[in-house]
Every structure is written in structure tokens, then in C-alpha cells.
Amino acid sequence: MDTPMKGKIVIVTGATNGIGLVTARELACMGAQVTIVSRNAEKCAAVAEAIIIGTGNPVEFIAADLSTLAGVLKTAANFKQRHTRLHVLVNNAGGFFNKRIITSDGFELTFALNHLNYFLLTNLLLDVLKASAPARVVNVASGMHRGARLDFDSLQGEKRYAGFRAYGQSKLANILFTYELARRLEKTGVTINALHPGYVDTGFALNNGFFFRVFAKLSARLFGRKPAKGAQTSIYLAASPDVEGVTGKYFADCKPVNSSPESYDKAAAEKLWQASLELTGQEFNP
């Protein structure tokens, strides 16, 4: 077995299905000690056991709802109880919601799960990432960020909501966050990059009613790539020596590409950072 990740400690969120599961499994195959995070404890346990059997490497899990502040705080605290080092964090958990749903914290669900989760979990784990440098953060974004703009007067769809618009904004937020944190982490030994996995045939977006579910299944089967293909760039950014020291970039098919013009707006990135601090009730200044 090729073990380029031997001795590395890794977290992969949203790892019980799709590209998250493939990413966790393949990094374990490379020798990493992987912790998977997902909200369903039974699924976590089953996936962890399957990866252990398939790779012979230890796999841990944390069952937590990353759409809530409590779930993110629990994940970080639970991980730190077990480990003092973290070499790779793969922020992969996310979702698409056709209707506006409010979380227990009072946030719109797409924004909470797809952006605030990445922002809060990464910042909470920065101390162990810095202690493990060189270390990497990998943010799974999407090509659907193109054409999106952040409306700070309706950041969570307060004025108007549409599922695709909310999703596009959340993925733009992923990239703005990536670039902003990369600037803040210069010379720390911690790199952070974002990626587009492509349109992947998984169970993504199948929680949005019968007609949307039928459309999503059909289009994914006709046009989607398999999860193994979709996970390649996540695995590449997590493990490849080719990107050692590379930070603040956006990748597709394992190559750096330009993201949308809006994603390079430093003023918007800073404003999003401050808004995220206020919403999470935290004070991070890495």
C-alpha cells in the first residue's frame, strides 16, 4: 500500500456519502488517521468500520449537526480532546435547500451549513493546524459560485429567497473565506485552498420534495460524474506534494483556475469575515 499520508491526522466533514466518503476512504488508504464528521451516528459508525476493514487504518468519527453552532463547537471540542495535532481539514459538508429553512440558531440553513460551518470549524481548529504545520485546509466549493454576488442586506435570503441563488452565494462565500484566510495565514505554514468538484452523481439535493428529487436524480445520472472522479481534487489538495505551500487558490480537476471576478473582492471578503464573527459570536484574528 502506498502510504504518503502515514502519520498524518485528517478530518473530513460530510463523509458518510458521495465525495466526502471517497475522500475519507482514499486518504485512509494512503495511511492517514481519519476522523469523519456527519450528523447521523449510525452512518458514521458504519462508514468508519467499512473504511477500517478496507484499509486496516484507524478511523474515528464525530456525530454532529454542522448546521448548528453547537454542532460545530462540539466537533472542535471533541476532536481536541483526542488530538493535539491536525494536518488536514477537509470542509466538505454542505447542502442545497429549495425552500428557506431556519435553524435552531435562527440562521438560514444554506448559509449556516455551507458557510458558517466552514468559517467556524476552521477557526476553532486553527491552533492545532498551526501546531502541526505544514498543514492544509481544503474547502469544497462549487462552480455555481459564478454569477453570484453577496447581498449584505439579504445575506440569508431575508428579502427574497431562491434555492439556487442561496446555494451560489454560499459557495461564493466559501471562496471569499478561503482567500481571506489565506491572506491572514501567510507565513504560518497553514495553507488553504478551495475547489470545484464538478457536477457529481450523489445523493446531493435529494431532500427537496418529490418533483425536485426526480429531476435531481435524473440529471445527475445523465450528466454527473461518479463520486470517485468528483473527489479527486479534494484528495489532490489534501495529499499531493505538488501543492505543498500553495495557498489562496481555486482548483478544478486538480489544476488551479480563476474563480469569478466577485470572488477576488477583498472588501467583500473582509465584510463577510466581520459578519461571520458577529453571527457566530466569536472573535478570531488569525
# chains A, B, ... in the order shown; residues from 1 in each chain; ligands from 1
>>> select_by_dssp(residues="region 1-194 of chain A", states="alpha helix (DSSP H)", output="MDAnalysis selection string")
chainID A and resid 18:29 41:55 69:82 109:111 117:124 126:131 163:184
>>> residues_around(residues="Gln282 (chain A)", least_positions_apart="2", cutoff="12 Å", atoms="only C-alpha atoms", output="JSON, numbers by chain")
{"A": [69, 73, 116, 119, 120, 121, 123, 124, 273, 274, 275, 276, 277, 278, 279, 280, 284, 285]}
>>> write_last_selection(atoms="C-alpha atoms", output="PDB file, in the first residue's frame")
ATOM      1  CA  LEU A  69     -23.250  26.424  16.201  1.00  0.00           C
ATOM      2  CA  LEU A  73     -18.407  23.670  18.716  1.00  0.00           C
ATOM      3  CA  LEU A 116     -20.778  29.439   8.787  1.00  0.00           C
ATOM      4  CA  PHE A 119     -15.800  29.542   8.894  1.00  0.00           C
ATOM      5  CA  LEU A 120     -16.346  28.480  12.499  1.00  0.00           C
ATOM      6  CA  LEU A 121     -14.890  24.969  12.391  1.00  0.00           C
ATOM      7  CA  ASN A 123     -11.107  28.952  13.020  1.00  0.00           C
ATOM      8  CA  LEU A 124     -11.750  26.762  16.058  1.00  0.00           C
ATOM      9  CA  TRP A 273     -15.454  37.897   7.785  1.00  0.00           C
ATOM     10  CA  GLN A 274     -16.830  40.540  10.152  1.00  0.00           C
ATOM     11  CA  ALA A 275     -20.435  39.459   9.542  1.00  0.00           C
ATOM     12  CA  SER A 276     -19.470  35.842  10.258  1.00  0.00           C
ATOM     13  CA  LEU A 277     -17.784  36.834  13.523  1.00  0.00           C
ATOM     14  CA  GLU A 278     -20.917  38.641  14.644  1.00  0.00           C
ATOM     15  CA  LEU A 279     -23.225  35.772  13.699  1.00  0.00           C
ATOM     16  CA  THR A 280     -21.120  33.102  15.401  1.00  0.00           C
ATOM     17  CA  PHE A 284     -10.952  35.332  15.560  1.00  0.00           C
ATOM     18  CA  ASN A 285      -7.955  37.278  14.307  1.00  0.00           C
TER      19      ASN A 285
END
>>> atom_distance(atom1="CA of Ile52 (chain A)", atom2="CA of Lys229 (chain A)")
22.0 Å
>>> residues_around(residues="region 34-36 of chain A", least_positions_apart="2", cutoff="9 Å", atoms="only C-alpha atoms", output="VMD selection string")
chain A and resid 8 to 16 20 to 21 24 to 25 27 to 28 31 to 32 38 44 47 to 48 57 to 63 79
>>> select_by_dssp(residues="region 50-200 of chain A", states="strand (DSSP E or B)", output="list in words")
Val59, Glu60, Phe61, Ile62, Ala63, Val88, Leu89, Val90, Asn91, Ile102, Glu108, Ala135, Arg136, Val137, Val138, Asn139, Val140, Val190, Thr191, Ile192, Asn193, Ala194, Leu195, His196 and Val200 of chain A
>>> closest_residue(among="A:Val190, A:Leu126, A:Leu272, A:Val140", to="Gln232 (chain A)", atoms="only C-alpha atoms")
A:Val140
>>> atom_distance(atom1="CA of Arg39 (chain A)", atom2="CA of Lys6 (chain A)")
27.2 Å
>>> residues_around(residues="region 168-172 of chain A", least_positions_apart="4", cutoff="8 Å", atoms="only C-alpha atoms", output="list in words")
Thr110, Phe111, Asn114, His115, Ala141, Ser142, Met144, His145, Arg146, Gly147, Ala148, Arg149, Leu150, Phe164, Leu176 and Ser263 of chain A
>>> residues_around(residues="Asn193 (chain A)", least_positions_apart="5", cutoff="8 Å", atoms="only C-alpha atoms", output="VMD selection string")
chain A and resid 137 to 139 178 to 179 182 237 246 to 251
>>> closest_residue(among="A:Glu42, A:Gly56, A:Gly94, A:Lys80", to="Gly18 (chain A)", atoms="only C-alpha atoms")
A:Gly94
>>> closest_residue(among="A:Ala76, A:Leu89, A:Ala50, A:Ala162", to="Ala239 (chain A)", atoms="only C-alpha atoms")
A:Leu89
>>> residues_around(residues="region 97-109 of chain A", least_positions_apart="3", cutoff="8 Å", atoms="only C-alpha atoms", output="count of residues only")
15
>>> atom_distance(atom1="CA of Ala194 (chain A)", atom2="CA of Val22 (chain A)")
17.6 Å
>>> decode(residues="region 132-167 of chain A", atoms="N, CA and C atoms", output="PDB file, in the first residue's frame")
ATOM      1  N   SER A 132       0.682  21.907  13.848  1.00  0.00           N
ATOM      2  CA  SER A 132       1.023  20.750  13.018  1.00  0.00           C
ATOM      3  C   SER A 132       1.676  21.148  11.701  1.00  0.00           C
ATOM      4  N   ALA A 133       1.933  22.434  11.522  1.00  0.00           N
ATOM      5  CA  ALA A 133       2.428  22.927  10.233  1.00  0.00           C
ATOM      6  C   ALA A 133       3.677  22.165   9.777  1.00  0.00           C
ATOM      7  N   PRO A 134       3.752  21.873   8.448  1.00  0.00           N
ATOM      8  CA  PRO A 134       2.824  22.313   7.407  1.00  0.00           C
ATOM      9  C   PRO A 134       1.488  21.566   7.467  1.00  0.00           C
ATOM     10  N   ALA A 135       0.423  22.345   7.391  1.00  0.00           N
ATOM     11  CA  ALA A 135      -0.927  21.791   7.462  1.00  0.00           C
ATOM     12  C   ALA A 135      -1.786  22.427   6.371  1.00  0.00           C
ATOM     13  N   ARG A 136      -2.910  21.774   6.077  1.00  0.00           N
ATOM     14  CA  ARG A 136      -3.735  22.222   4.956  1.00  0.00           C
ATOM     15  C   ARG A 136      -5.212  22.268   5.322  1.00  0.00           C
ATOM     16  N   VAL A 137      -5.908  23.260   4.769  1.00  0.00           N
ATOM     17  CA  VAL A 137      -7.365  23.328   4.812  1.00  0.00           C
ATOM     18  C   VAL A 137      -7.858  23.255   3.371  1.00  0.00           C
ATOM     19  N   VAL A 138      -8.825  22.393   3.143  1.00  0.00           N
ATOM     20  CA  VAL A 138      -9.392  22.184   1.806  1.00  0.00           C
ATOM     21  C   VAL A 138     -10.883  22.482   1.883  1.00  0.00           C
ATOM     22  N   ASN A 139     -11.330  23.481   1.143  1.00  0.00           N
ATOM     23  CA  ASN A 139     -12.736  23.875   1.153  1.00  0.00           C
ATOM     24  C   ASN A 139     -13.419  23.462  -0.148  1.00  0.00           C
ATOM     25  N   VAL A 140     -14.393  22.577  -0.030  1.00  0.00           N
ATOM     26  CA  VAL A 140     -15.149  22.156  -1.216  1.00  0.00           C
ATOM     27  C   VAL A 140     -16.175  23.242  -1.540  1.00  0.00           C
ATOM     28  N   ALA A 141     -15.964  23.934  -2.642  1.00  0.00           N
ATOM     29  CA  ALA A 141     -16.877  24.983  -3.096  1.00  0.00           C
ATOM     30  C   ALA A 141     -17.666  24.455  -4.297  1.00  0.00           C
ATOM     31  N   SER A 142     -17.895  25.281  -5.304  1.00  0.00           N
ATOM     32  CA  SER A 142     -18.652  24.828  -6.467  1.00  0.00           C
ATOM     33  C   SER A 142     -18.531  25.851  -7.577  1.00  0.00           C
ATOM     34  N   GLY A 143     -18.606  25.364  -8.807  1.00  0.00           N
ATOM     35  CA  GLY A 143     -18.657  26.258  -9.949  1.00  0.00           C
ATOM     36  C   GLY A 143     -19.910  27.111  -9.957  1.00  0.00           C
ATOM     37  N   MET A 144     -20.886  26.751  -9.144  1.00  0.00           N
ATOM     38  CA  MET A 144     -22.121  27.535  -9.068  1.00  0.00           C
ATOM     39  C   MET A 144     -21.927  28.869  -8.363  1.00  0.00           C
ATOM     40  N   HIS A 145     -20.698  29.136  -7.892  1.00  0.00           N
ATOM     41  CA  HIS A 145     -20.441  30.466  -7.323  1.00  0.00           C
ATOM     42  C   HIS A 145     -20.405  31.520  -8.425  1.00  0.00           C
ATOM     43  N   ARG A 146     -20.189  31.078  -9.671  1.00  0.00           N
ATOM     44  CA  ARG A 146     -20.087  32.024 -10.786  1.00  0.00           C
ATOM     45  C   ARG A 146     -21.443  32.685 -11.041  1.00  0.00           C
ATOM     46  N   GLY A 147     -21.416  33.993 -11.122  1.00  0.00           N
ATOM     47  CA  GLY A 147     -22.651  34.737 -11.311  1.00  0.00           C
ATOM     48  C   GLY A 147     -23.301  35.177 -10.017  1.00  0.00           C
ATOM     49  N   ALA A 148     -22.814  34.645  -8.892  1.00  0.00           N
ATOM     50  CA  ALA A 148     -23.379  35.015  -7.593  1.00  0.00           C
ATOM     51  C   ALA A 148     -22.733  36.295  -7.073  1.00  0.00           C
ATOM     52  N   ARG A 149     -23.480  37.034  -6.301  1.00  0.00           N
ATOM     53  CA  ARG A 149     -22.995  38.216  -5.598  1.00  0.00           C
ATOM     54  C   ARG A 149     -23.539  38.179  -4.180  1.00  0.00           C
ATOM     55  N   LEU A 150     -22.738  38.613  -3.230  1.00  0.00           N
ATOM     56  CA  LEU A 150     -23.219  38.664  -1.857  1.00  0.00           C
ATOM     57  C   LEU A 150     -24.009  39.943  -1.641  1.00  0.00           C
ATOM     58  N   ASP A 151     -25.259  39.784  -1.223  1.00  0.00           N
ATOM     59  CA  ASP A 151     -26.100  40.920  -0.868  1.00  0.00           C
ATOM     60  C   ASP A 151     -26.093  41.010   0.660  1.00  0.00           C
ATOM     61  N   PHE A 152     -25.315  41.931   1.199  1.00  0.00           N
ATOM     62  CA  PHE A 152     -25.172  42.002   2.646  1.00  0.00           C
ATOM     63  C   PHE A 152     -26.423  42.518   3.342  1.00  0.00           C
ATOM     64  N   ASP A 153     -27.381  43.034   2.572  1.00  0.00           N
ATOM     65  CA  ASP A 153     -28.669  43.415   3.146  1.00  0.00           C
ATOM     66  C   ASP A 153     -29.652  42.251   3.154  1.00  0.00           C
ATOM     67  N   SER A 154     -29.270  41.158   2.483  1.00  0.00           N
ATOM     68  CA  SER A 154     -30.113  39.960   2.457  1.00  0.00           C
ATOM     69  C   SER A 154     -29.208  38.732   2.388  1.00  0.00           C
ATOM     70  N   LEU A 155     -28.241  38.692   3.312  1.00  0.00           N
ATOM     71  CA  LEU A 155     -27.218  37.656   3.277  1.00  0.00           C
ATOM     72  C   LEU A 155     -27.806  36.266   3.479  1.00  0.00           C
ATOM     73  N   GLN A 156     -28.912  36.191   4.198  1.00  0.00           N
ATOM     74  CA  GLN A 156     -29.541  34.900   4.465  1.00  0.00           C
ATOM     75  C   GLN A 156     -30.929  34.811   3.817  1.00  0.00           C
ATOM     76  N   GLY A 157     -31.090  35.515   2.725  1.00  0.00           N
ATOM     77  CA  GLY A 157     -32.356  35.448   1.992  1.00  0.00           C
ATOM     78  C   GLY A 157     -33.502  36.097   2.718  1.00  0.00           C
ATOM     79  N   GLU A 158     -33.211  37.107   3.553  1.00  0.00           N
ATOM     80  CA  GLU A 158     -34.274  37.755   4.319  1.00  0.00           C
ATOM     81  C   GLU A 158     -35.280  38.475   3.424  1.00  0.00           C
ATOM     82  N   LYS A 159     -34.783  39.076   2.349  1.00  0.00           N
ATOM     83  CA  LYS A 159     -35.671  39.839   1.477  1.00  0.00           C
ATOM     84  C   LYS A 159     -36.321  38.969   0.410  1.00  0.00           C
ATOM     85  N   ARG A 160     -35.523  38.079  -0.150  1.00  0.00           N
ATOM     86  CA  ARG A 160     -36.064  37.133  -1.129  1.00  0.00           C
ATOM     87  C   ARG A 160     -35.182  35.897  -1.114  1.00  0.00           C
ATOM     88  N   TYR A 161     -35.799  34.762  -1.344  1.00  0.00           N
ATOM     89  CA  TYR A 161     -35.054  33.501  -1.265  1.00  0.00           C
ATOM     90  C   TYR A 161     -35.355  32.650  -2.487  1.00  0.00           C
ATOM     91  N   ALA A 162     -34.294  32.106  -3.051  1.00  0.00           N
ATOM     92  CA  ALA A 162     -34.400  31.084  -4.093  1.00  0.00           C
ATOM     93  C   ALA A 162     -33.268  30.106  -3.853  1.00  0.00           C
ATOM     94  N   GLY A 163     -33.550  28.825  -3.956  1.00  0.00           N
ATOM     95  CA  GLY A 163     -32.578  27.804  -3.591  1.00  0.00           C
ATOM     96  C   GLY A 163     -31.262  27.921  -4.330  1.00  0.00           C
ATOM     97  N   PHE A 164     -31.329  28.099  -5.645  1.00  0.00           N
ATOM     98  CA  PHE A 164     -30.091  28.168  -6.425  1.00  0.00           C
ATOM     99  C   PHE A 164     -29.312  29.444  -6.114  1.00  0.00           C
ATOM    100  N   ARG A 165     -30.028  30.543  -5.878  1.00  0.00           N
ATOM    101  CA  ARG A 165     -29.347  31.789  -5.537  1.00  0.00           C
ATOM    102  C   ARG A 165     -28.648  31.648  -4.187  1.00  0.00           C
ATOM    103  N   ALA A 166     -29.333  31.069  -3.216  1.00  0.00           N
ATOM    104  CA  ALA A 166     -28.745  30.884  -1.887  1.00  0.00           C
ATOM    105  C   ALA A 166     -27.533  29.967  -1.946  1.00  0.00           C
ATOM    106  N   TYR A 167     -27.641  28.914  -2.736  1.00  0.00           N
ATOM    107  CA  TYR A 167     -26.515  27.981  -2.857  1.00  0.00           C
ATOM    108  C   TYR A 167     -25.322  28.661  -3.527  1.00  0.00           C
TER     109      TYR A 167
END
